[in-house]
>>> print(open('coords_4.cif').read())   # mmCIF, C-alpha atoms
data_data
loop_
_atom_site.label_atom_id
_atom_site.label_comp_id
_atom_site.auth_asym_id
_atom_site.auth_seq_id
_atom_site.Cartn_x
_atom_site.Cartn_y
_atom_site.Cartn_z
CA GLY A 127 -7.35 -18.42 9.93
CA ARG A 128 -4.55 -19.76 7.73
CA LYS A 129 -5.60 -23.44 8.10
CA MET A 130 -9.21 -22.63 7.29
CA LEU A 131 -8.18 -20.73 4.16
CA GLU A 132 -5.95 -23.63 3.06
CA HIS A 133 -8.90 -26.04 3.35
CA ILE A 134 -11.11 -23.69 1.33
CA LEU A 135 -8.51 -23.42 -1.42
CA GLU A 136 -8.07 -27.21 -1.50
CA LEU A 137 -11.80 -27.78 -2.05
CA ALA A 138 -12.59 -24.83 -4.32
CA THR A 139 -12.44 -25.18 -8.10
CA TYR A 140 -11.99 -21.44 -8.48
CA THR A 141 -11.23 -18.70 -5.96
CA VAL A 142 -11.86 -15.03 -6.62
CA CYS A 143 -10.05 -12.61 -4.32
CA MET A 144 -10.95 -8.96 -4.79
CA SER A 145 -9.39 -6.10 -2.85
CA GLY A 146 -9.19 -2.36 -3.24
CA THR A 147 -6.22 -2.28 -0.90
CA PRO A 148 -2.97 -3.13 -2.72
CA TRP A 149 -0.87 -2.94 0.44
CA ARG A 150 -1.16 -2.73 4.21
CA THR A 151 0.63 -0.16 6.31
CA ASP A 152 1.56 -2.81 8.89
CA GLN A 153 3.15 -4.93 6.09
CA LEU A 154 1.00 -7.98 6.90
CA PRO A 155 -0.06 -10.06 3.87
CA ILE A 156 -3.58 -9.70 2.47
CA ALA A 157 -5.73 -12.82 2.94
CA LEU A 158 -5.93 -15.10 -0.13
CA ALA A 159 -3.42 -12.93 -2.02
CA LYS A 160 -0.31 -14.34 -3.67
CA TYR A 161 3.17 -12.89 -3.18
CA ASP A 162 6.46 -13.07 -5.03
CA GLN A 163 8.86 -12.50 -2.14
CA GLU A 164 7.44 -9.18 -0.82
CA SER A 165 5.59 -8.08 -3.97
CA LEU A 166 1.86 -8.69 -4.41
CA VAL A 167 1.04 -10.76 -7.51
CA VAL A 168 -2.30 -9.93 -9.15
CA ASN A 169 -4.01 -11.44 -12.21
CA TYR A 170 -5.85 -8.24 -13.06
CA GLN A 171 -5.56 -4.66 -11.88
CA TYR A 172 -8.13 -1.93 -12.52
CA THR A 173 -6.09 1.24 -12.26
CA LEU A 174 -7.02 4.75 -11.21
CA LEU A 175 -6.19 5.89 -14.74
CA GLN A 176 -8.67 3.41 -16.21
CA ALA A 177 -11.33 4.46 -13.71
CA VAL A 178 -10.92 8.13 -14.62
CA GLU A 179 -10.77 7.54 -18.37
CA GLU A 180 -13.86 5.31 -18.27
CA GLN A 181 -15.67 7.88 -16.10
CA VAL A 182 -16.08 5.47 -13.21
CA CYS A 183 -14.67 8.05 -10.83
CA ARG A 184 -13.69 11.72 -10.81
CA GLN A 185 -10.20 12.97 -11.56
CA PRO A 186 -8.33 13.70 -8.31
CA VAL A 187 -6.99 17.21 -7.87
CA LEU A 188 -4.45 17.65 -5.06
CA CYS A 189 -3.76 21.15 -3.74
CA LEU A 190 -0.76 21.21 -1.38
CA VAL A 191 -0.48 24.47 0.55
CA ASP A 192 3.08 25.56 1.29
CA ASN A 193 4.53 28.63 2.98
CA ASP A 194 7.67 30.33 1.64
CA ASP A 195 8.03 32.50 4.73
CA CYS A 196 7.77 30.21 7.76
CA ARG A 197 8.98 31.88 10.94
CA VAL A 198 10.04 29.56 13.75
CA ASP A 199 11.94 30.90 16.79
CA GLU A 200 12.52 34.21 14.98
CA LYS A 201 14.11 32.50 11.96
CA ASN A 202 12.57 32.30 8.50
CA TYR A 203 12.37 29.20 6.29
CA ARG A 204 11.39 28.99 2.63
CA SER A 205 9.02 26.02 2.94
CA ILE A 206 7.15 23.85 5.39
CA ASN A 207 9.55 21.03 4.58
CA LYS A 208 12.61 23.10 5.60
CA ALA A 209 10.92 24.36 8.76
CA LEU A 210 10.07 20.80 9.81
CA ALA A 211 13.54 19.48 8.95
CA LYS A 212 15.66 22.23 10.51
CA THR A 213 13.70 23.10 13.66
CA ASP A 214 11.77 21.43 16.44
CA LEU A 215 8.51 22.38 14.73
CA MET A 216 6.08 19.43 14.67
CA TYR A 217 3.51 18.91 11.94
CA ARG A 218 0.79 18.81 14.59
CA GLN A 219 1.65 22.42 15.52
CA ILE A 220 0.80 23.49 11.97
CA LEU A 221 -2.51 21.63 12.20
CA GLU A 222 -3.23 23.44 15.48
CA ASN A 223 -2.38 26.89 14.09
CA ASP A 224 -5.65 28.82 13.65
CA PRO A 225 -4.50 31.10 10.78
CA ALA A 226 -3.12 28.07 8.93
CA ILE A 227 -6.37 26.14 9.38
CA LYS A 228 -8.43 29.14 8.28
CA HIS A 229 -6.31 29.56 5.17
CA LEU A 230 -6.82 25.92 4.19
CA LEU A 231 -10.55 26.17 4.92
CA ARG A 232 -10.82 29.39 2.90
CA LEU A 233 -9.31 27.70 -0.16
CA SER A 234 -11.54 24.65 0.27
CA ILE A 235 -14.70 26.73 0.72
CA GLY A 236 -13.86 28.78 -2.36
CA LYS A 237 -13.63 25.63 -4.46
CA LEU A 238 -16.82 24.18 -2.96
CA ASN A 239 -18.69 27.42 -3.73
CA GLU A 240 -17.56 27.16 -7.36
CA ILE A 241 -18.93 23.62 -7.60
CA ARG A 242 -22.18 24.42 -5.77
CA ALA A 243 -22.91 27.11 -8.37
CA HIS A 244 -23.87 24.29 -10.77
CA THR A 245 -24.21 21.37 -8.30
CA PRO A 246 -26.28 22.76 -5.38
CA ASP A 247 -25.99 19.71 -3.13
CA ALA A 248 -22.17 19.45 -3.41
CA ALA A 249 -20.48 19.15 -0.02
CA GLY A 250 -17.10 19.05 1.66
CA LEU A 251 -15.36 16.83 4.21
CA VAL A 252 -12.85 17.95 6.85
CA VAL A 253 -10.76 15.20 8.45
CA ALA A 254 -9.57 16.38 11.88
CA HIS A 255 -7.13 14.66 14.24
CA SER A 256 -9.04 14.81 17.55
CA ILE A 257 -12.45 15.58 19.05
CA GLU A 258 -11.29 18.98 20.32
CA HIS A 259 -9.69 19.79 16.98
CA ALA A 260 -12.90 18.87 15.15
CA HIS A 261 -15.00 21.13 17.37
CA ARG A 262 -12.61 24.04 16.76
CA ILE A 263 -12.85 23.53 13.02
CA LYS A 264 -16.64 23.29 13.23
CA ARG A 265 -16.78 26.64 15.05
CA MET A 266 -14.51 28.23 12.44
CA LEU A 267 -16.67 27.00 9.60
CA GLU A 268 -19.83 28.28 11.27
CA GLN A 269 -18.67 31.52 12.87
CA THR A 270 -15.88 32.71 10.55
CA PHE A 271 -17.15 31.41 7.20
CA ASN A 272 -20.92 31.14 7.80
CA GLN A 273 -21.03 27.52 6.60
CA SER A 274 -23.54 24.83 7.60
CA VAL A 275 -21.73 21.96 9.35
CA GLN A 276 -22.32 18.55 10.88
CA LEU A 277 -19.79 16.78 13.09
CA VAL A 278 -19.48 13.02 13.42
CA SER A 279 -17.23 11.06 15.76
CA TYR A 280 -17.17 7.86 17.77
CA ARG A 281 -18.56 9.79 20.75
CA GLU A 282 -21.92 10.36 19.07
CA LYS A 283 -24.77 8.07 20.12
CA ASN A 284 -25.65 7.20 16.54
CA PRO A 285 -22.87 8.31 14.15
CA GLN A 286 -24.27 6.29 11.24
CA ARG A 287 -27.57 8.18 11.43
CA ILE A 288 -25.64 11.49 11.29
CA ILE A 289 -23.76 10.28 8.21
CA GLU A 290 -27.00 9.09 6.60
CA GLN A 291 -28.69 12.46 7.23
CA PHE A 292 -25.71 14.26 5.74
CA ARG A 293 -25.63 11.92 2.73
CA HIS A 294 -29.16 12.91 1.71
CA GLY A 295 -29.14 16.49 3.02
CA GLN A 296 -27.97 19.92 1.89
CA THR A 297 -25.46 20.68 4.67
CA GLN A 298 -22.27 22.11 3.20
CA TRP A 299 -19.63 20.44 5.41
CA ILE A 300 -19.13 17.39 7.58
CA VAL A 301 -16.22 17.28 10.05
CA SER A 302 -15.01 13.80 10.95
CA ILE A 303 -12.43 12.09 13.12
CA GLY A 304 -11.82 8.79 11.36
CA MET A 305 -15.52 8.05 10.78
CA ILE A 306 -15.54 8.83 7.05
CA SER A 307 -12.60 7.17 5.36
CA GLU A 308 -12.73 3.62 4.07
CA GLY A 309 -15.99 2.39 2.54
CA THR A 310 -18.25 5.33 3.43
CA ASP A 311 -20.23 6.30 0.34
CA ILE A 312 -21.33 9.96 0.19
CA PRO A 313 -21.29 10.78 -3.54
CA ARG A 314 -22.12 14.47 -3.04
CA LEU A 315 -18.69 15.05 -1.46
CA PHE A 316 -16.49 16.99 -3.88
CA VAL A 317 -13.93 18.68 -1.62
CA CYS A 318 -11.83 17.30 1.22
CA CYS A 319 -9.71 19.21 3.72
CA HIS A 320 -7.06 16.83 5.12
CA ILE A 321 -6.06 18.22 8.56
CA THR A 322 -5.04 15.07 10.41
CA THR A 323 -1.83 13.75 11.92
CA ILE A 324 -2.40 10.35 10.25
CA ARG A 325 0.04 10.33 7.33
CA THR A 326 0.06 6.86 5.82
CA GLU A 327 -0.43 6.32 2.11
CA LEU A 328 -3.31 3.93 2.72
CA TYR A 329 -5.25 6.46 4.81
CA PHE A 330 -4.40 9.32 2.41
CA ARG A 331 -5.84 7.39 -0.53
CA GLN A 332 -8.88 6.27 1.47
CA VAL A 333 -9.69 9.87 2.37
CA LEU A 334 -9.12 11.00 -1.23
CA GLY A 335 -11.49 8.28 -2.38
CA ARG A 336 -14.38 9.96 -0.55
CA VAL A 337 -14.43 12.79 -3.11
CA LEU A 338 -13.98 10.63 -6.23
CA ARG A 339 -17.42 8.98 -6.34
CA LEU A 340 -18.91 10.06 -9.69
CA ARG A 341 -22.66 10.53 -10.14
CA VAL A 342 -24.50 10.57 -13.46
CA GLN A 343 -25.99 14.02 -12.79
CA ASP A 344 -22.69 15.69 -11.82
CA GLN A 345 -21.34 18.43 -14.07
CA SER A 346 -17.97 18.51 -12.31
CA SER A 347 -15.66 15.59 -13.06
CA GLU A 348 -13.00 16.50 -10.47
CA GLY A 349 -12.62 15.78 -6.75
CA TYR A 350 -10.42 18.11 -4.70
CA LEU A 351 -8.20 17.44 -1.69
CA PHE A 352 -6.56 20.35 0.17
CA THR A 353 -3.75 19.76 2.64
CA PHE A 354 -0.35 21.10 3.65
CA ALA A 355 2.85 20.42 1.71
CA GLU A 356 4.27 18.07 4.34
CA PRO A 357 7.02 15.78 2.93
CA GLN A 358 5.14 12.48 3.23
CA LEU A 359 1.92 13.94 1.83
CA LYS A 360 3.89 15.43 -1.07
CA CYS A 361 5.38 11.98 -1.77
CA PHE A 362 1.94 10.33 -1.81
CA SER A 363 0.60 13.09 -4.07
CA ASN A 364 3.49 12.69 -6.51
CA ARG A 365 2.76 8.97 -6.77
CA ILE A 366 -0.87 9.67 -7.67
CA GLN A 367 0.31 12.18 -10.29
CA SER A 368 2.63 9.52 -11.75
CA GLU A 369 -0.37 7.17 -12.10
CA LEU A 370 -2.19 9.84 -14.13
CA PRO A 371 0.71 11.24 -16.21
CA HIS A 372 -1.46 12.99 -18.81
CA LEU A 373 -3.68 14.78 -16.27
CA GLU A 374 -3.02 17.78 -14.07
CA VAL A 375 -3.40 16.23 -10.63
CA LEU A 376 -1.07 18.46 -8.62
CA ARG A 377 -2.17 22.08 -8.67
CA ARG A 378 -0.74 25.11 -6.99
CA PRO A 379 -3.23 26.81 -4.64
CA GLN A 380 -3.43 30.55 -4.15
CA PRO A 381 -0.36 32.09 -2.49
CA ILE A 382 -0.55 33.03 1.18
CA PRO A 383 -0.68 36.81 1.68
CA GLN A 384 2.55 38.18 3.13
CA SER A 385 0.59 39.92 5.87
CA SER A 386 -0.99 36.67 7.06
CA PRO A 387 -0.20 35.61 10.67
CA TYR A 388 0.03 32.08 9.22
CA ARG A 389 3.75 32.89 8.80
CA ASP A 390 4.44 32.62 12.50
CA TRP A 391 4.69 29.20 14.20
CA GLU A 392 6.68 30.21 17.24
#
>>> encode(input="coords_4.cif", output="structure tokens")
Amino acid sequence: GRKMLEHILELATYTVCMSGTPWRTDQLPIALAKYDQESLVVNYQYTLLQAVEEQVCRQPVLCLVDNDDCRVDEKNYRSINKALAKTDLMYRQILENDPAIKHLLRLSIGKLNEIRAHTPDAAGLVVAHSIEHAHRIKRMLEQTFNQSVQLVSYREKNPQRIIEQFRHGQTQWIVSIGMISEGTDIPRLFVCCHITTIRTELYFRQVLGRVLRLRVQDQSSEGYLFTFAEPQLKCFSNRIQSELPHLEVLRRPQPIPQSSPYRDWE
């Protein structure tokens, strides 16, 4: 489409290019955008800090769950980062570990319950990495935590109808595999549980954006994302904190009980 865009620019007196995506993971240039070597050149940028200060969106709160007693092959490591770096442990194995998932869900449900005490229709989103994974999480939410849940995926006959029903309903949680990320507007979402193998900054921010939609009637001005303290996710979180230097974005979740089987990833 390059030739077509060049013709448009030749004939247009003014061109307005608006994008909420400042970069692409595949490094391809954004259409109609200008670049100085590899850096994107913009005439105006509306920052996350401005949006929070002007009450356009909620303040993000990122809760990264770590484990200071990871046991892998009968050896103990003081963090998830060290266990991943020094062993053959894969991040997906953590996401598949039932006690680890339940711990993350327990923290997320606790926060959602706090919000629902004054915002009864508040809801949470769980981003899973596969259909089977999503169904496991759905069963945990229903059977272990007695939560009301809807699941949406590309396999459903009418996923948009499911999303629309959830948007206007009272169901506590929706579990998704890539269906609720960019552009999906469900303002009653306040809490997100990020349990997916997709670890790009673009996707991380898109998922976080689902819980930052501020409504006039909301009493809570914060949107919460719970995930594991994986190195890349920690890096993305630190960047968001640096964009909001005067706010407490990164928060330490409750410690994992020493007796928890979450310690063991053999």
>>> atom_distance(input="coords_4.cif", atom1="CA of Val253 in chain A", atom2="CA of Ser302 in chain A")
5.1 Å
>>> resolve_selection(input="coords_4.cif", expression="the PyMOL selection byres ((chain A and resi 346-351) around 6)", output="JSON, numbers by chain")
{"A": [184, 185, 186, 187, 188, 316, 317, 318, 319, 337, 338, 344, 345, 352]}
>>> write_last_selection(input="coords_4.cif", atoms="C-alpha atoms", output="PDB file, keeping the file's coordinate frame")
ATOM      1  CA  ARG A 184     -13.690  11.720 -10.810  1.00  0.00           C
ATOM      2  CA  GLN A 185     -10.200  12.970 -11.560  1.00  0.00           C
ATOM      3  CA  PRO A 186      -8.330  13.700  -8.310  1.00  0.00           C
ATOM      4  CA  VAL A 187      -6.990  17.210  -7.870  1.00  0.00           C
ATOM      5  CA  LEU A 188      -4.450  17.650  -5.060  1.00  0.00           C
ATOM      6  CA  PHE A 316     -16.490  16.990  -3.880  1.00  0.00           C
ATOM      7  CA  VAL A 317     -13.930  18.680  -1.620  1.00  0.00           C
ATOM      8  CA  CYS A 318     -11.830  17.300   1.220  1.00  0.00           C
ATOM      9  CA  CYS A 319      -9.710  19.210   3.720  1.00  0.00           C
ATOM     10  CA  VAL A 337     -14.430  12.790  -3.110  1.00  0.00           C
ATOM     11  CA  LEU A 338     -13.980  10.630  -6.230  1.00  0.00           C
ATOM     12  CA  ASP A 344     -22.690  15.690 -11.820  1.00  0.00           C
ATOM     13  CA  GLN A 345     -21.340  18.430 -14.070  1.00  0.00           C
ATOM     14  CA  PHE A 352      -6.560  20.350   0.170  1.00  0.00           C
TER      15      PHE A 352
END
>>> resolve_selection(input="coords_4.cif", expression="the PyMOL selection byres ((chain A and resi 164-169) around 10)", output="PyMOL selection string")
chain A and resi 143-144+148-149+153+155-156+159-163+170-171
>>> resolve_selection(input="coords_4.cif", expression="the PyMOL selection byres ((chain A and resi 311) around 12)", output="list in words")
Gln286, Ile289, Glu290, Phe292, Arg293, His294, Met305, Ile306, Ser307, Glu308, Gly309, Thr310, Ile312, Pro313, Arg314, Leu315, Gln332, Val333, Gly335, Arg336, Val337, Leu338, Arg339, Leu340 and Arg341 of chain A
>>> closest_residue(input="coords_4.cif", among="A:Thr353, A:Thr147, A:Ser368, A:Ser256", to="His320 in chain A", atoms="all atoms listed in the file")
A:Thr353
>>> atom_distance(input="coords_4.cif", atom1="CA of Tyr217 in chain A", atom2="CA of Ser205 in chain A")
12.7 Å
>>> atom_distance(input="coords_4.cif", atom1="CA of Asn193 in chain A", atom2="CA of Leu334 in chain A")
22.7 Å
>>> closest_atom_pairs(input="coords_4.cif", of="range 246-298 of chain A", to="range 224-232 of chain A", cutoff="8 Å", atoms="all atoms listed in the file", output="JSON lines")
{"residue": "A:Ile263", "atom": "CA", "partner": "A:Ile227", "partner_atom": "CA", "distance": 7.9}
{"residue": "A:Met266", "atom": "CA", "partner": "A:Lys228", "partner_atom": "CA", "distance": 7.4}
{"residue": "A:Leu267", "atom": "CA", "partner": "A:Leu231", "partner_atom": "CA", "distance": 7.7}
{"residue": "A:Phe271", "atom": "CA", "partner": "A:Arg232", "partner_atom": "CA", "distance": 7.9}
>>> residues_near_point(input="coords_4.cif", point="(1.7, 6.6, -8.2)", cutoff="12 Å", atoms="only C-alpha atoms", output="PyMOL selection string")
chain A and resi 173-175+327+331+360-371+375
>>> closest_residue(input="coords_4.cif", among="A:Pro379, A:Asn272, A:Arg197, A:Asp192", to="Ser234 in chain A", atoms="only C-alpha atoms")
A:Pro379
>>> decode(input="coords_4.cif", residues="range 278-291 of chain A", atoms="all heavy atoms", output="mmCIF file, in the first residue's frame")
data_model
loop_
_atom_site.group_PDB
_atom_site.id
_atom_site.type_symbol
_atom_site.label_atom_id
_atom_site.label_comp_id
_atom_site.auth_asym_id
_atom_site.auth_seq_id
_atom_site.Cartn_x
_atom_site.Cartn_y
_atom_site.Cartn_z
ATOM 1 N N VAL A 278 -14.398 -17.374 26.855
ATOM 2 C CA VAL A 278 -14.545 -16.978 25.463
ATOM 3 C C VAL A 278 -13.265 -17.322 24.711
ATOM 4 O O VAL A 278 -12.164 -17.066 25.194
ATOM 5 C CB VAL A 278 -14.887 -15.476 25.331
ATOM 6 C CG1 VAL A 278 -13.790 -14.607 25.911
ATOM 7 C CG2 VAL A 278 -15.153 -15.100 23.883
ATOM 8 N N SER A 279 -13.423 -17.925 23.552
ATOM 9 C CA SER A 279 -12.282 -18.283 22.710
ATOM 10 C C SER A 279 -12.731 -18.304 21.254
ATOM 11 O O SER A 279 -13.922 -18.180 20.951
ATOM 12 C CB SER A 279 -11.716 -19.655 23.098
ATOM 13 O OG SER A 279 -12.568 -20.690 22.632
ATOM 14 N N TYR A 280 -11.784 -18.495 20.364
ATOM 15 C CA TYR A 280 -12.097 -18.532 18.938
ATOM 16 C C TYR A 280 -12.916 -19.757 18.564
ATOM 17 O O TYR A 280 -13.485 -19.822 17.479
ATOM 18 C CB TYR A 280 -10.802 -18.508 18.119
ATOM 19 C CG TYR A 280 -9.878 -19.676 18.397
ATOM 20 C CD1 TYR A 280 -10.008 -20.877 17.713
ATOM 21 C CD2 TYR A 280 -8.872 -19.573 19.357
ATOM 22 C CE1 TYR A 280 -9.159 -21.946 17.964
ATOM 23 C CE2 TYR A 280 -8.031 -20.631 19.619
ATOM 24 C CZ TYR A 280 -8.179 -21.818 18.921
ATOM 25 O OH TYR A 280 -7.339 -22.873 19.190
ATOM 26 N N ARG A 281 -13.006 -20.738 19.450
ATOM 27 C CA ARG A 281 -13.781 -21.948 19.157
ATOM 28 C C ARG A 281 -15.276 -21.761 19.375
ATOM 29 O O ARG A 281 -16.074 -22.591 18.953
ATOM 30 C CB ARG A 281 -13.285 -23.114 20.017
ATOM 31 C CG ARG A 281 -11.920 -23.647 19.605
ATOM 32 C CD ARG A 281 -11.595 -24.904 20.375
ATOM 33 N NE ARG A 281 -10.260 -25.394 20.067
ATOM 34 C CZ ARG A 281 -9.707 -26.449 20.660
ATOM 35 N NH1 ARG A 281 -10.364 -27.102 21.604
ATOM 36 N NH2 ARG A 281 -8.468 -26.832 20.331
ATOM 37 N N GLU A 282 -15.654 -20.695 20.073
ATOM 38 C CA GLU A 282 -17.078 -20.469 20.331
ATOM 39 C C GLU A 282 -17.775 -20.065 19.032
ATOM 40 O O GLU A 282 -17.176 -19.431 18.152
ATOM 41 C CB GLU A 282 -17.269 -19.373 21.386
ATOM 42 C CG GLU A 282 -16.400 -19.534 22.625
ATOM 43 C CD GLU A 282 -16.639 -20.824 23.355
ATOM 44 O OE1 GLU A 282 -17.780 -21.314 23.336
ATOM 45 O OE2 GLU A 282 -15.681 -21.356 23.946
ATOM 46 N N LYS A 283 -19.058 -20.411 18.916
ATOM 47 C CA LYS A 283 -19.812 -20.078 17.713
ATOM 48 C C LYS A 283 -19.994 -18.576 17.564
ATOM 49 O O LYS A 283 -19.953 -18.047 16.458
ATOM 50 C CB LYS A 283 -21.176 -20.779 17.748
ATOM 51 C CG LYS A 283 -21.089 -22.299 17.578
ATOM 52 C CD LYS A 283 -22.477 -22.912 17.534
ATOM 53 C CE LYS A 283 -22.391 -24.433 17.323
ATOM 54 N NZ LYS A 283 -23.742 -25.053 17.291
ATOM 55 N N ASN A 284 -20.224 -17.895 18.677
ATOM 56 C CA ASN A 284 -20.434 -16.450 18.624
ATOM 57 C C ASN A 284 -19.714 -15.786 19.796
ATOM 58 O O ASN A 284 -20.342 -15.378 20.776
ATOM 59 C CB ASN A 284 -21.931 -16.126 18.660
ATOM 60 C CG ASN A 284 -22.220 -14.685 18.249
ATOM 61 O OD1 ASN A 284 -21.349 -13.823 18.346
ATOM 62 N ND2 ASN A 284 -23.432 -14.424 17.801
ATOM 63 N N PRO A 285 -18.374 -15.665 19.714
ATOM 64 C CA PRO A 285 -17.619 -15.107 20.844
ATOM 65 C C PRO A 285 -17.997 -13.667 21.164
ATOM 66 O O PRO A 285 -17.982 -13.260 22.326
ATOM 67 C CB PRO A 285 -16.160 -15.216 20.389
ATOM 68 C CG PRO A 285 -16.216 -15.323 18.908
ATOM 69 C CD PRO A 285 -17.476 -16.050 18.597
ATOM 70 N N GLN A 286 -18.352 -12.874 20.155
ATOM 71 C CA GLN A 286 -18.712 -11.486 20.412
ATOM 72 C C GLN A 286 -19.994 -11.378 21.239
ATOM 73 O O GLN A 286 -20.137 -10.459 22.059
ATOM 74 C CB GLN A 286 -18.869 -10.721 19.086
ATOM 75 C CG GLN A 286 -17.565 -10.495 18.346
ATOM 76 C CD GLN A 286 -16.509 -9.817 19.221
ATOM 77 O OE1 GLN A 286 -16.799 -8.874 19.951
ATOM 78 N NE2 GLN A 286 -15.281 -10.315 19.147
ATOM 79 N N ARG A 287 -20.914 -12.302 21.046
ATOM 80 C CA ARG A 287 -22.140 -12.285 21.857
ATOM 81 C C ARG A 287 -21.818 -12.611 23.317
ATOM 82 O O ARG A 287 -22.387 -12.021 24.228
ATOM 83 C CB ARG A 287 -23.156 -13.293 21.310
ATOM 84 C CG ARG A 287 -24.503 -13.249 22.040
ATOM 85 C CD ARG A 287 -25.531 -14.098 21.350
ATOM 86 N NE ARG A 287 -25.157 -15.522 21.385
ATOM 87 C CZ ARG A 287 -25.853 -16.496 20.806
ATOM 88 N NH1 ARG A 287 -26.947 -16.200 20.111
ATOM 89 N NH2 ARG A 287 -25.448 -17.744 20.886
ATOM 90 N N ILE A 288 -20.875 -13.550 23.540
ATOM 91 C CA ILE A 288 -20.454 -13.887 24.899
ATOM 92 C C ILE A 288 -19.833 -12.663 25.575
ATOM 93 O O ILE A 288 -20.137 -12.350 26.730
ATOM 94 C CB ILE A 288 -19.456 -15.061 24.884
ATOM 95 C CG1 ILE A 288 -20.133 -16.327 24.359
ATOM 96 C CG2 ILE A 288 -18.878 -15.302 26.279
ATOM 97 C CD1 ILE A 288 -19.178 -17.489 24.146
ATOM 98 N N ILE A 289 -18.974 -11.963 24.841
ATOM 99 C CA ILE A 289 -18.329 -10.764 25.379
ATOM 100 C C ILE A 289 -19.364 -9.692 25.688
ATOM 101 O O ILE A 289 -19.312 -9.028 26.731
ATOM 102 C CB ILE A 289 -17.263 -10.232 24.396
ATOM 103 C CG1 ILE A 289 -16.104 -11.228 24.280
ATOM 104 C CG2 ILE A 289 -16.748 -8.865 24.830
ATOM 105 C CD1 ILE A 289 -15.094 -10.886 23.203
ATOM 106 N N GLU A 290 -20.342 -9.533 24.785
ATOM 107 C CA GLU A 290 -21.381 -8.525 24.986
ATOM 108 C C GLU A 290 -22.238 -8.862 26.211
ATOM 109 O O GLU A 290 -22.582 -7.966 26.998
ATOM 110 C CB GLU A 290 -22.256 -8.424 23.732
ATOM 111 C CG GLU A 290 -23.167 -7.217 23.700
ATOM 112 C CD GLU A 290 -22.409 -5.905 23.631
ATOM 113 O OE1 GLU A 290 -21.240 -5.902 23.205
ATOM 114 O OE2 GLU A 290 -23.006 -4.872 24.022
ATOM 115 N N GLN A 291 -22.574 -10.129 26.389
ATOM 116 C CA GLN A 291 -23.344 -10.541 27.570
ATOM 117 C C GLN A 291 -22.562 -10.272 28.842
ATOM 118 O O GLN A 291 -23.115 -9.792 29.842
ATOM 119 C CB GLN A 291 -23.702 -12.026 27.473
ATOM 120 C CG GLN A 291 -24.747 -12.351 26.424
ATOM 121 C CD GLN A 291 -24.958 -13.843 26.243
ATOM 122 O OE1 GLN A 291 -24.140 -14.664 26.696
ATOM 123 N NE2 GLN A 291 -26.050 -14.219 25.576
#
